[in-house]
Amino acid sequence: MDSSKYIFVLLCLTTTQSKTPIVSAKRHNVLFLVIDDLRPALGCYDYPKVISPNIDQLASQSVLFENAHVQQAVCAPSRTSFLTSRRPDTTRLYDFGSYWRTHAGNFTSLPQHFKENGYFTYSIGKVFHPGESSNHNDDYPLSWSKPAYHPSTQAYKMAKVCPDADGKRHMNLLCPVDVSTQPEGSLPDIQSSEHAVEMLKEFQADSSEQPFFLAVGFHKPHLPFKFPKDFLKLYPLEEIDLAPNPFKPIGLPDVAFSPYHRLRIRHDFELLNVSFPYGHVPDTFQKRIRQHYYSSVSYTDSRVGIVLDQLEDSGFANNTIIVLLGDHGWSLGEHAEWCKNENFEVVTRIPLMVHMPGMTDINLTNEKKFPFQDVLKSGSSQRHKIERGPRSTALVEAVDVFPTLAELAGLKVPPTCPLDTLKVDFCTEGASLSKVMIKSVQETYNKEEQFLYNDMSGDNEDWKDAVFSQYPRPSVHPQWSSDLPDLKDIKIMGYTMRTRHHRYTEWVAFNPATFQADFNSVYARELYLRDSDPLEVYNVGNFPMYEDLVMRMRKKLIAGWREALPK
């Protein structure tokens with residue numbers, strides 16, 4: 001693409017108003033990739049230990065968001081949140097036990113909006129969280145044009161299929177396998193990616209030219225860490241480090257700690273006899289957990305690469321918007337934590353990248369955009385070169401994805417939700433990222449044209465100045481259900497706010513019958529000075545010298561997301 005075409009694309013986008021579609025000669029397809037429990041442990045996020053060439057390749061042709069956060073660090077609440085662009089206090093889903101349309105409001109979902117605008121929408125793998133939270137049917141037929149596909153081998157998630165040193169098979173946490181010996185001779189993400197390839201071939205053969213919204217959800221690196229064993233060879237144990245902050249933070253209130261009970265029910269972890277809740281996980285096993293997580297990421301990266309390669313082979317690479325995101329992060333020993341279910345940065349922050357053909361891929365020089373990168377052939381000794389594309393350091397949220405995709409695809413953009421949000425089906429509690437994307441692309445590829453976009457200069461001063469997450473607890477002290485309490489048992493809600501320089505969290509009383517938080521009943525506070533403490537090691541929330549700052553942060557937290565939106 002020459003520079004004149006590039007400037008045309010940017011001008012079309014910059015003149016877009018809040019509800020006006022972006023100019024487009026032909027509607028774009030959408031490929032929506034969701035990865036379970038994926039923290040930004042990727043090469044493109046400057047995490048050099050992890051080998052992820054296929055996702056890195058996508059990132060180099062996308063806007064990569066370095067400060068993206070989910071609204072609750074557990075699967076069902078997070079997915080329901082970003083697929084409806086509503087926050088957990090609106091969806092009223094903090095566990096896995098309710099369906100938003102009957103429990104809160106009949107909110108339009110992201111795929112539903114595309115379906116109602118003429119798209120063929122289809123879900124493969126884990127997109128909505130299966131079960132009660134998506135009405136036991138993945139919100140079909142409202143969100144999808146045909147029933148969702150789920151890989152049959154996911155049925156063995158809790159089965160004794162992991163080979164162990166005793167020669168038997170157990171329900172382990174660490175589970176590298178010979179795929180041919182597994183039930184059905186396959187694994188969930190292999191099945192899902194193969195089905196996605198089949199669907200792309202069908203779209204290619206379809207003469208109707210109906211645009212598609214294809215969502216593909218990958219299960220790994222969600223535990224158990226079950227993956228083809230060859231990926232483990234990429235990460236020799238002697239090269240694996242412990243977390244840089246492998247201890248419970250100084251001044252951390254008990255209510256903030258996750259006792260990671262989902263690890264404790266796995267056979268190999270049980271053998272460690274780690275005391276509840278603060279027992280030390282042996283260093284060697286810590287390294288093995290990290291090793292297996294990285295291996296799971298590389299395995300998932302390979303499956304993503306297979307789908308992207310087929311997207312291009314089917315002729316859709318130049319007219320398909322691609323979004324890739326994690327549903328939340330994951331702790332790998334940071335803060336002596338080993339799961340999610342918290343309010344720390346390491347679990348609220350996710351990878352998020354958006355690929356817009358003709359906009360984010362202007363610097364492309366390869367003949368193919370997404371040639372498959374086989375890490376098992378190249379080997380760990382041949383680390384790939386990571387190309388850097390447009391990046392944004394703006395504070396963004398998963399609830400921003402819905403309005404962003406609507407605007408990029410030329411559909412009606414949901415307006416900001418009113419105060420009485422439960423009565424409004426179509427609205428957003430986020431904001432479109434299109435302006436942030438334009439600024440990032442312009443700064444990366446066309447700096448001499450900055451005069452065209454004077455309204456977007458500076459350090460994202462016209463964007464959000466804070467992002468918000470939350471997590472529930474049944475009690476002040478850790479108990480077995482602390483990680484995922486049922487709604488009726490929630491007594492405390494931890495609300496956390498991330499600004500440019502701080503993370504502030506308040507744990508306050510919560511009434512599960514009325515869904516109301518009581519900020520006059522505060523159980524604990526956390527304040528982390530991220531400029532000097534980026535790992536969130538020192539809670540200074542109770543230090544007298546920071547009392548004024550705590551009060552300012554508290555006021556902003558209570559004011560909430562509306563006050564943080566772009567003005």
# chains A, B, ... in the order shown; residues from 1 in each chain; ligands from 1
call {"tool": "closest_atom_pairs", "arguments": {"of": "region 308-379 of chain A", "to": "region 61-84 of chain A", "cutoff": "10 Å", "atoms": "only C-alpha atoms", "output": "CSV"}}
result
residue,atom,partner,partner_atom,distance
A:Ile321,CA,A:Ser62,CA,9.7
A:Ile322,CA,A:Ser62,CA,8.4
A:Val323,CA,A:Ser62,CA,8.8
A:Leu324,CA,A:Leu64,CA,9.6
A:Leu325,CA,A:Ala68,CA,9.3
A:Gly326,CA,A:Val70,CA,8.8
A:Asp327,CA,A:Ser78,CA,6.2
A:His328,CA,A:Ala73,CA,5.2
A:Gly329,CA,A:Ala73,CA,7.0
A:Trp330,CA,A:Ala73,CA,8.5
A:Cys339,CA,A:Val74,CA,9.7
A:Lys340,CA,A:Ala73,CA,6.0
A:Asn341,CA,A:Ala73,CA,5.5
A:Glu342,CA,A:Ala73,CA,6.5
A:Asn343,CA,A:Ala73,CA,7.3
A:Phe344,CA,A:Ala73,CA,9.3
A:Glu345,CA,A:His69,CA,8.3
A:Val346,CA,A:His69,CA,9.8
A:Val347,CA,A:Ala73,CA,6.0
A:Thr348,CA,A:His69,CA,5.1
A:Arg349,CA,A:His69,CA,4.4
A:Ile350,CA,A:Ala68,CA,5.7
A:Pro351,CA,A:Ala68,CA,6.8
A:Leu352,CA,A:Phe65,CA,5.5
A:Met353,CA,A:Leu64,CA,4.4
A:Val354,CA,A:Ser62,CA,5.1
A:His355,CA,A:Ser62,CA,4.1
A:Met356,CA,A:Ser62,CA,6.8
A:Pro357,CA,A:Gln61,CA,8.7
A:Gly358,CA,A:Gln61,CA,9.9
A:Met359,CA,A:Ser62,CA,8.6
A:Thr360,CA,A:Ser62,CA,5.1
A:Asp361,CA,A:Gln61,CA,4.5
A:Ile362,CA,A:Gln61,CA,7.9
A:Asn363,CA,A:Gln61,CA,7.8
A:Leu364,CA,A:Gln61,CA,7.2
A:Lys369,CA,A:Gln61,CA,8.2
A:Phe370,CA,A:Gln61,CA,9.6
call {"tool": "closest_atom_pairs", "arguments": {"of": "region 229-320 of chain A", "to": "region 173-197 of chain A", "cutoff": "8 Å", "atoms": "only C-alpha atoms", "output": "tab-separated table"}}
result
residue	atom	partner	partner_atom	distance
A:Lys229	CA	A:Pro176	CA	4.4
A:Leu232	CA	A:Pro176	CA	7.2
A:Leu263	CA	A:Leu173	CA	6.8
A:Arg266	CA	A:Leu173	CA	5.5
A:His267	CA	A:Leu173	CA	7.2
A:Asp268	CA	A:Leu173	CA	6.4
A:Phe269	CA	A:Leu173	CA	6.8
A:Arg288	CA	A:Leu174	CA	8.0
A:Ile289	CA	A:Leu174	CA	7.1
A:His292	CA	A:Leu174	CA	6.5
A:Thr300	CA	A:Asp189	CA	7.3
A:Arg303	CA	A:Ser193	CA	6.0
A:Val304	CA	A:Ser193	CA	7.3
A:Ile306	CA	A:Ser193	CA	7.1
A:Val307	CA	A:Val197	CA	6.0
A:Gln310	CA	A:Val197	CA	6.0
A:Leu311	CA	A:Val197	CA	7.8
call {"tool": "select_by_dssp", "arguments": {"residues": "region 220-466 of chain A", "states": "strand (DSSP E)", "output": "compact mmCIF listing (two decimals) with N, CA and C atoms, in the first residue's frame"}}
result
# COMPACT_ATOMS: atom_id res chain seq x y z
N PHE A 225 -1.91 -28.32 32.48
CA PHE A 225 -0.99 -28.00 31.40
C PHE A 225 -0.75 -29.27 30.57
N LYS A 226 -1.77 -29.57 29.75
CA LYS A 226 -1.76 -30.77 28.91
C LYS A 226 -1.51 -30.35 27.47
N PHE A 227 -0.42 -30.84 26.90
CA PHE A 227 0.00 -30.41 25.57
C PHE A 227 0.90 -31.50 24.97
N PRO A 228 1.12 -31.49 23.66
CA PRO A 228 2.04 -32.47 23.07
C PRO A 228 3.44 -32.33 23.68
N THR A 320 -10.03 -9.17 6.55
CA THR A 320 -10.50 -9.70 7.83
C THR A 320 -9.86 -8.95 8.98
N ILE A 321 -10.69 -8.37 9.82
CA ILE A 321 -10.23 -7.78 11.07
C ILE A 321 -9.94 -8.92 12.04
N ILE A 322 -8.81 -8.87 12.70
CA ILE A 322 -8.43 -9.93 13.63
C ILE A 322 -8.21 -9.31 15.01
N VAL A 323 -8.85 -9.90 15.99
CA VAL A 323 -8.61 -9.54 17.39
C VAL A 323 -8.09 -10.77 18.11
N LEU A 324 -7.04 -10.61 18.88
CA LEU A 324 -6.55 -11.68 19.76
C LEU A 324 -6.44 -11.12 21.17
N LEU A 325 -7.01 -11.84 22.13
CA LEU A 325 -6.93 -11.40 23.52
C LEU A 325 -6.97 -12.60 24.46
N GLY A 326 -6.46 -12.41 25.66
CA GLY A 326 -6.62 -13.37 26.74
C GLY A 326 -7.84 -13.01 27.56
N ARG A 349 -4.07 -7.92 33.76
CA ARG A 349 -3.49 -7.49 32.48
C ARG A 349 -3.47 -8.65 31.48
N ILE A 350 -3.82 -8.33 30.25
CA ILE A 350 -3.93 -9.36 29.21
C ILE A 350 -3.20 -8.90 27.94
N PRO A 351 -2.86 -9.87 27.08
CA PRO A 351 -2.47 -9.50 25.73
C PRO A 351 -3.71 -9.10 24.93
N LEU A 352 -3.60 -8.04 24.16
CA LEU A 352 -4.67 -7.59 23.28
C LEU A 352 -4.04 -6.97 22.05
N MET A 353 -4.42 -7.45 20.89
CA MET A 353 -3.94 -6.89 19.64
C MET A 353 -5.07 -6.88 18.63
N VAL A 354 -5.10 -5.83 17.80
CA VAL A 354 -6.15 -5.65 16.79
C VAL A 354 -5.49 -5.42 15.44
N HIS A 355 -5.81 -6.29 14.49
CA HIS A 355 -5.29 -6.21 13.13
C HIS A 355 -6.38 -5.66 12.22
N ARG A 391 2.24 0.13 18.55
CA ARG A 391 1.97 -0.20 19.95
C ARG A 391 1.32 0.98 20.65
N SER A 392 0.52 0.67 21.64
CA SER A 392 -0.10 1.72 22.44
C SER A 392 0.11 1.41 23.92
N THR A 393 0.49 2.43 24.66
CA THR A 393 0.62 2.29 26.11
C THR A 393 -0.61 2.82 26.84
N ALA A 394 -1.64 3.19 26.08
CA ALA A 394 -2.86 3.70 26.70
C ALA A 394 -3.48 2.65 27.62
N LEU A 395 -4.11 3.09 28.67
CA LEU A 395 -4.86 2.21 29.56
C LEU A 395 -6.17 1.83 28.87
N VAL A 396 -6.34 0.55 28.57
CA VAL A 396 -7.54 0.10 27.89
C VAL A 396 -8.12 -1.10 28.63
N GLU A 397 -9.37 -1.43 28.28
CA GLU A 397 -10.09 -2.49 28.99
C GLU A 397 -10.73 -3.45 27.99
call {"tool": "closest_atom_pairs", "arguments": {"of": "region 479-511 of chain A", "to": "region 92-109 of chain A", "cutoff": "9 Å", "atoms": "only C-alpha atoms", "output": "Markdown table"}}
result
| residue | atom | partner | partner_atom | distance |
| --- | --- | --- | --- | --- |
| A:Leu484 | CA | A:Asp95 | CA | 6.3 |
| A:Pro485 | CA | A:Asp95 | CA | 6.8 |
| A:Asp486 | CA | A:Asp95 | CA | 6.0 |
| A:Leu487 | CA | A:Asp95 | CA | 6.5 |
call {"tool": "write_last_selection", "arguments": {"atoms": "all heavy atoms", "output": "CSV table (one decimal), in the first residue's frame"}}
result
chain,number,residue,atom,x,y,z
A,484,LEU,N,-13.4,-18.8,44.1
A,484,LEU,CA,-14.6,-18.7,43.3
A,484,LEU,C,-15.8,-19.0,44.2
A,484,LEU,O,-16.5,-20.0,44.1
A,484,LEU,CB,-14.6,-19.7,42.2
A,484,LEU,CG,-15.6,-19.5,41.1
A,484,LEU,CD1,-15.4,-18.2,40.4
A,484,LEU,CD2,-15.6,-20.7,40.1
A,485,PRO,N,-16.2,-18.0,45.0
A,485,PRO,CA,-17.4,-18.1,45.9
A,485,PRO,C,-18.7,-18.1,45.1
A,485,PRO,O,-18.7,-17.4,44.1
A,485,PRO,CB,-17.3,-17.0,46.8
A,485,PRO,CG,-16.5,-15.9,46.1
A,485,PRO,CD,-15.5,-16.7,45.2
A,486,ASP,N,-19.7,-18.9,45.5
A,486,ASP,CA,-21.0,-18.7,44.9
A,486,ASP,C,-21.5,-17.4,45.2
A,486,ASP,O,-21.2,-16.8,46.3
A,486,ASP,CB,-21.9,-19.8,45.4
A,486,ASP,CG,-21.5,-21.2,45.0
A,486,ASP,OD1,-20.9,-21.3,43.9
A,486,ASP,OD2,-21.9,-22.2,45.7
A,487,LEU,N,-22.4,-16.9,44.4
A,487,LEU,CA,-23.0,-15.5,44.6
A,487,LEU,C,-23.5,-15.4,46.0
A,487,LEU,O,-23.3,-14.3,46.6
A,487,LEU,CB,-24.1,-15.3,43.5
A,487,LEU,CG,-24.9,-14.0,43.7
A,487,LEU,CD1,-24.0,-12.8,43.5
A,487,LEU,CD2,-26.1,-13.9,42.7
call {"tool": "closest_residue", "arguments": {"among": "A:Ala406, A:Val540, A:Arg562, A:Ser482", "to": "Lys464 (chain A)", "atoms": "only C-alpha atoms"}}
result
A:Arg562
call {"tool": "residues_around", "arguments": {"residues": "Leu200 (chain A)", "least_positions_apart": "5", "cutoff": "12 Å", "atoms": "only C-alpha atoms", "output": "PyMOL selection string"}}
result
chain A and resi 29-31+122+124+193-195+205-206+211-216+306-317+320
call {"tool": "closest_residue", "arguments": {"among": "A:Thr499, A:His219, A:Ala513, A:Ser208", "to": "His150 (chain A)", "atoms": "only C-alpha atoms"}}
result
A:His219
call {"tool": "closest_residue", "arguments": {"among": "A:Gln112, A:Gln57, A:Asn542, A:Pro130", "to": "Phe426 (chain A)", "atoms": "only C-alpha atoms"}}
result
A:Gln112
call {"tool": "closest_atom_pairs", "arguments": {"of": "region 48-86 of chain A", "to": "region 294-299 of chain A", "cutoff": "10 Å", "atoms": "only C-alpha atoms", "output": "Markdown table"}}
result
| residue | atom | partner | partner_atom | distance |
| --- | --- | --- | --- | --- |
| A:Lys49 | CA | A:Tyr294 | CA | 8.1 |
| A:Val50 | CA | A:Tyr294 | CA | 6.0 |
| A:Ile51 | CA | A:Ser298 | CA | 5.8 |
| A:Ser52 | CA | A:Ser298 | CA | 5.5 |
| A:Pro53 | CA | A:Ser298 | CA | 8.5 |
| A:Asn54 | CA | A:Ser298 | CA | 9.2 |
| A:Ile55 | CA | A:Ser298 | CA | 9.6 |
call {"tool": "residues_around", "arguments": {"residues": "Asn137 (chain A)", "least_positions_apart": "2", "cutoff": "12 Å", "atoms": "only C-alpha atoms", "output": "VMD selection string"}}
result
chain A and resid 99 123 126 to 135 139 to 144 146 to 150
call {"tool": "residues_around", "arguments": {"residues": "Ala524 (chain A)", "least_positions_apart": "2", "cutoff": "10 Å", "atoms": "only C-alpha atoms", "output": "list in words"}}
result
Leu252, Pro253, Asp254, Val255, Ala256, Val476, Gly494, Thr505, Glu506, Trp507, Val508, Ser521, Val522, Glu526, Gly541 and Asn542 of chain A
call {"tool": "residues_around", "arguments": {"residues": "Leu433 (chain A)", "least_positions_apart": "5", "cutoff": "9 Å", "atoms": "only C-alpha atoms", "output": "ChimeraX atom specification"}}
result
/A:396,400-401,403-405,407,438
call {"tool": "select_by_dssp", "arguments": {"residues": "region 360-517 of chain A", "states": "helix (DSSP H, G or I)", "output": "ChimeraX atom specification"}}
result
/A:375-378,398-408,421-423,434-445,447-456,487-489
call {"tool": "closest_residue", "arguments": {"among": "A:Phe510, A:Tyr471, A:Tyr445, A:Phe257", "to": "Ile490 (chain A)", "atoms": "only C-alpha atoms"}}
result
A:Phe510
